[in-house]
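One structure is given below, encoded as structure tokens.
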Amino acid sequence: MNGLQWKMKAKLCELLSLGYGVPLRCALQSNSKPPQRLHLLQQHQHCSKKVLKMAGSSPPWTGSAYLFLQSTCKTIALPSLYESSQKKPCVFKALKLALADSTGSVNGVDMLKVHCSHPHLIVQLRFCKQENCRRFLRSYRDGALQKSLQSHLQLSLATAMVPLEVELKAGSEHLDQMLKDEDRCLECIYREKQAQLCRLLALAESLTPFALQPDRLPDEEITELEERLKSLMLHQSTNNNVAGKDCPSLKPPSQPYPPQGSSLATQLTFIFQGQQFDNRTITPDDHQKFAKSVSKKWKQVGRSLQKSCRALRDPVIDNLALEYDREGLYEQAYQMLLRFIQSEGKRATIARLITALEENGLVSLAEELLGLHSSEDCS
């Protein structure tokens, strides 16, 4: 058996063992010799036999489908955003939350892989329960999934509304054309998963190179993003438990702004003008826009913020006005909000600033910070 066949065999066992092949992958990534690989393969042989046996019985209902997403906004290309190392976690978070909304559970549908095929972003989905698949189909059919995707993308990317075109396929079947026939859609989604299993079983018998389809292998990138999202959520939960305490380690002096990834961790939202927004931390861009536009009302906004921020208690605001009098209104407003950010750390959220702006009649500035005023042509 040559090196390619060894690797194919190991990958197949990893796939068929439904996740039990992680040590195998690690061994292959190191320079393991064939006898060592054979020993590892033998350790996992029972996993493959178990799945092969399941194929001949009545396995639990599973299904597979592909969700095609395309932005109709000229300035937004979803594949390019997903290919960006900075934007990828934000796009992934939006996809994950929207899919959870569609089934009512974070585990209702799995993302196996995300393909970038310009101008489409293609999400490979797996359903492990028929009822979850039904909920997804109803959400898709009613347009709720599309609206949820647009909303979460807007929040995660901190941009204007992202208008989307969506399409759902299972193999060669275009499910959009049969959405009214729910049972037929379920059958197509189920058949697609069984077709994938048949191809894998054929590969197990032949081990021929042409039968191996990389897009059917578990996607390590998705697993990494899942773990990163869970870790950030856990980190946020821990921070919330100490929100009432001073914690210098969470807000080092050398970094007045929270880490850029902190917006990915938060699950809190707030309502402004009837719309739901992600309660992200204040960004440098927010900071500059505020200082530029707030003008003489920076003191009033500061006094609204001081209700829940000790660092702005009297006479701090008056002292800032005197200290930066020569520099002008921009610098006074900038220094006031900087005090707030440095003192509150990850609790210096956009929701608190928006509330302070609303209290002082600065609705237009609040709209600007939330991206409701945009010069981009997204028609």
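Scheme for the structure tokens: letters A, B, ... for chains in order shown; per-chain residue numbers from 1; ligand numbers from 1 in order shown.
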
Do you have, as JSON lines, the list of residues of segment 161-188 of chain A lying at most 12 Å from segment 96-120 of chain A, each with its nearest atom pair and that distance in Å to one decimal, counting only C-alpha atoms and ordered by chain then number?
```
{"residue": "A:Leu164", "atom": "CA", "partner": "A:His120", "partner_atom": "CA", "distance": 10.4}
{"residue": "A:Glu165", "atom": "CA", "partner": "A:His120", "partner_atom": "CA", "distance": 9.4}
{"residue": "A:Val166", "atom": "CA", "partner": "A:His120", "partner_atom": "CA", "distance": 9.4}
{"residue": "A:Glu167", "atom": "CA", "partner": "A:His120", "partner_atom": "CA", "distance": 10.0}
```

Quiz prompt | Close residues, Val363 of chain A itself excluded, 12 Å, only C-alpha atoms, min 6 positions apart in chain, as a ChimeraX atom specification | solution = /A:272-273,293-294,353-357,369-370,372-373

Keeping N, CA, C and O atoms, export the residues of the selection given above as an mmCIF file, in the first residue's frame.
```cif
data_model
loop_
_atom_site.group_PDB
_atom_site.id
_atom_site.type_symbol
_atom_site.label_atom_id
_atom_site.label_comp_id
_atom_site.auth_asym_id
_atom_site.auth_seq_id
_atom_site.Cartn_x
_atom_site.Cartn_y
_atom_site.Cartn_z
ATOM 1 N N PHE A 272 -32.944 49.451 19.646
ATOM 2 C CA PHE A 272 -32.887 50.875 19.334
ATOM 3 C C PHE A 272 -33.771 51.122 18.124
ATOM 4 O O PHE A 272 -33.580 50.503 17.067
ATOM 5 N N GLN A 273 -34.759 51.988 18.289
ATOM 6 C CA GLN A 273 -35.707 52.311 17.223
ATOM 7 C C GLN A 273 -36.360 51.052 16.651
ATOM 8 O O GLN A 273 -36.536 50.913 15.442
ATOM 9 N N SER A 293 -18.523 64.493 16.533
ATOM 10 C CA SER A 293 -19.897 64.935 16.303
ATOM 11 C C SER A 293 -20.653 65.399 17.536
ATOM 12 O O SER A 293 -21.677 66.070 17.418
ATOM 13 N N VAL A 294 -20.200 65.047 18.739
ATOM 14 C CA VAL A 294 -20.989 65.336 19.931
ATOM 15 C C VAL A 294 -21.002 66.817 20.288
ATOM 16 O O VAL A 294 -21.952 67.324 20.904
ATOM 17 N N LEU A 353 -23.429 53.734 25.715
ATOM 18 C CA LEU A 353 -23.207 55.021 25.052
ATOM 19 C C LEU A 353 -24.460 55.478 24.305
ATOM 20 O O LEU A 353 -24.822 56.667 24.352
ATOM 21 N N ILE A 354 -25.126 54.548 23.637
ATOM 22 C CA ILE A 354 -26.352 54.892 22.898
ATOM 23 C C ILE A 354 -27.425 55.415 23.857
ATOM 24 O O ILE A 354 -28.126 56.393 23.566
ATOM 25 N N THR A 355 -27.547 54.790 25.029
ATOM 26 C CA THR A 355 -28.521 55.236 26.025
ATOM 27 C C THR A 355 -28.220 56.666 26.475
ATOM 28 O O THR A 355 -29.128 57.510 26.588
ATOM 29 N N ALA A 356 -26.945 56.959 26.699
ATOM 30 C CA ALA A 356 -26.542 58.308 27.111
ATOM 31 C C ALA A 356 -26.831 59.326 26.005
ATOM 32 O O ALA A 356 -27.255 60.460 26.278
ATOM 33 N N LEU A 357 -26.614 58.936 24.758
ATOM 34 C CA LEU A 357 -26.897 59.833 23.628
ATOM 35 C C LEU A 357 -28.393 60.105 23.520
ATOM 36 O O LEU A 357 -28.815 61.248 23.298
ATOM 37 N N LEU A 369 -23.455 55.821 14.820
ATOM 38 C CA LEU A 369 -22.612 54.817 15.466
ATOM 39 C C LEU A 369 -23.105 53.397 15.209
ATOM 40 O O LEU A 369 -22.307 52.451 15.173
ATOM 41 N N LEU A 370 -24.401 53.232 14.996
ATOM 42 C CA LEU A 370 -24.978 51.906 14.745
ATOM 43 C C LEU A 370 -25.045 51.567 13.263
ATOM 44 O O LEU A 370 -25.595 50.535 12.873
ATOM 45 N N LEU A 372 -26.709 53.078 10.876
ATOM 46 C CA LEU A 372 -27.990 53.314 10.216
ATOM 47 C C LEU A 372 -27.874 54.420 9.177
ATOM 48 O O LEU A 372 -28.733 54.543 8.306
ATOM 49 N N HIS A 373 -26.828 55.235 9.296
ATOM 50 C CA HIS A 373 -26.514 56.243 8.279
ATOM 51 C C HIS A 373 -25.325 55.726 7.500
ATOM 52 O O HIS A 373 -24.247 55.544 8.047
#
```

Quiz item: Quick one: residues within 9 Å of Gly63 of chain A, only C-alpha atoms counted, chain neighbours fewer than 5 positions away excluded, as JSON, numbers by chain?
Solution: {"A": [125, 126, 127, 128, 129, 130, 133, 186, 187, 188, 189, 190, 191, 192, 193, 194]}

Practice problem: Quick one: pull the distance between atom CA of Arg228 of chain A and atom CA of Gln124 of chain A, Å, one decimal. | Solution: 19.7 Å

Exercise. Extract, using only C-alpha atoms, all DNA, RNA and protein residues at most 9 Å from Phe277 of chain A, discarding same-chain residues fewer than 3 positions from it, and format them as a PyMOL selection string.
Key: chain A and resi 151-152+154-155+268-272+280+351+370

What would the file look like if the residues just selected were written as a PDB file, in the first residue's frame with N, CA and C atoms?
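File produced: selection.pdb:
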```
ATOM      1  N   SER A 151     -29.736  40.115   9.662  1.00  0.00           N
ATOM      2  CA  SER A 151     -29.597  40.829  10.934  1.00  0.00           C
ATOM      3  C   SER A 151     -28.293  40.484  11.640  1.00  0.00           C
ATOM      4  N   HIS A 152     -27.972  39.181  11.723  1.00  0.00           N
ATOM      5  CA  HIS A 152     -26.750  38.772  12.427  1.00  0.00           C
ATOM      6  C   HIS A 152     -25.488  39.197  11.684  1.00  0.00           C
ATOM      7  N   GLN A 154     -25.271  41.921   9.875  1.00  0.00           N
ATOM      8  CA  GLN A 154     -25.166  43.352  10.145  1.00  0.00           C
ATOM      9  C   GLN A 154     -24.538  43.619  11.508  1.00  0.00           C
ATOM     10  N   LEU A 155     -24.978  42.854  12.509  1.00  0.00           N
ATOM     11  CA  LEU A 155     -24.454  43.042  13.861  1.00  0.00           C
ATOM     12  C   LEU A 155     -22.996  42.609  13.971  1.00  0.00           C
ATOM     13  N   LEU A 268     -25.152  39.535  24.384  1.00  0.00           N
ATOM     14  CA  LEU A 268     -26.129  40.527  24.779  1.00  0.00           C
ATOM     15  C   LEU A 268     -26.534  41.379  23.591  1.00  0.00           C
ATOM     16  N   THR A 269     -27.799  41.734  23.550  1.00  0.00           N
ATOM     17  CA  THR A 269     -28.302  42.625  22.510  1.00  0.00           C
ATOM     18  C   THR A 269     -29.145  43.715  23.150  1.00  0.00           C
ATOM     19  N   PHE A 270     -29.460  44.750  22.383  1.00  0.00           N
ATOM     20  CA  PHE A 270     -30.325  45.818  22.871  1.00  0.00           C
ATOM     21  C   PHE A 270     -31.179  46.320  21.710  1.00  0.00           C
ATOM     22  N   ILE A 271     -32.248  47.001  22.054  1.00  0.00           N
ATOM     23  CA  ILE A 271     -33.188  47.498  21.059  1.00  0.00           C
ATOM     24  C   ILE A 271     -33.025  48.996  20.895  1.00  0.00           C
ATOM     25  N   PHE A 272     -32.944  49.451  19.646  1.00  0.00           N
ATOM     26  CA  PHE A 272     -32.887  50.875  19.334  1.00  0.00           C
ATOM     27  C   PHE A 272     -33.771  51.122  18.124  1.00  0.00           C
ATOM     28  N   ARG A 280     -21.942  45.247  21.423  1.00  0.00           N
ATOM     29  CA  ARG A 280     -20.491  45.119  21.308  1.00  0.00           C
ATOM     30  C   ARG A 280     -19.793  46.186  22.148  1.00  0.00           C
ATOM     31  N   ALA A 351     -24.145  49.917  23.896  1.00  0.00           N
ATOM     32  CA  ALA A 351     -25.501  50.123  24.414  1.00  0.00           C
ATOM     33  C   ALA A 351     -25.525  51.227  25.465  1.00  0.00           C
ATOM     34  N   LEU A 370     -24.401  53.232  14.996  1.00  0.00           N
ATOM     35  CA  LEU A 370     -24.978  51.906  14.745  1.00  0.00           C
ATOM     36  C   LEU A 370     -25.045  51.567  13.263  1.00  0.00           C
TER      37      LEU A 370
END
```

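Residues within 10 Å of Ala321 of chain A, counting only C-alpha atoms and excluding same-chain residues fewer than 4 positions away, are Trp298, Lys299, Val316, Ile317, Asp325, Arg326, Glu327, Gly328, Leu329, Glu331, Gln332, Ala333, Gln335 and Met336 of chain A.
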
Quiz prompt | For Ala158 of chain A, the nearest of the candidates A:Ala144, A:Arg352, A:Asp278, A:Arg339, counting only C-alpha atoms | solution =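 Among the listed residues, the smallest separation from Ala158 of chain A belongs to A:Asp278.
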
Quiz item: With only C-alpha atoms as the basis for distance, which of A:Pro60, A:Pro79, A:Gly302, A:Pro89 is at the shortest distance from Asn360 of chain A?
Solution: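 Residue with the minimum atom-to-atom distance to Asn360 of chain A: A:Gly302.
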
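Distances here use only C-alpha atoms; by that measure, the residue among A:Arg135, A:Lys307, A:Asp176, A:Thr283 closest to Gly345 of chain A is A:Thr283.
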
Quiz item: Can you list, as a PyMOL selection string, every protein, DNA or RNA residue that comes within 8 Å of Tyr334 of chain A when you count only C-alpha atoms, leaving out same-chain residues fewer than 5 positions away?
Solution: chain A and resi 287-288+290-291

Write out the residues from the selection above, keeping C-alpha atoms, as a PDB file, in the first residue's frame.
```pdb
ATOM      1  CA  HIS A 287     -14.646  56.822  19.753  1.00  0.00           C
ATOM      2  CA  GLN A 288     -13.540  59.139  16.951  1.00  0.00           C
ATOM      3  CA  PHE A 290     -18.351  60.488  18.958  1.00  0.00           C
ATOM      4  CA  ALA A 291     -15.634  63.072  19.617  1.00  0.00           C
TER       5      ALA A 291
END
```
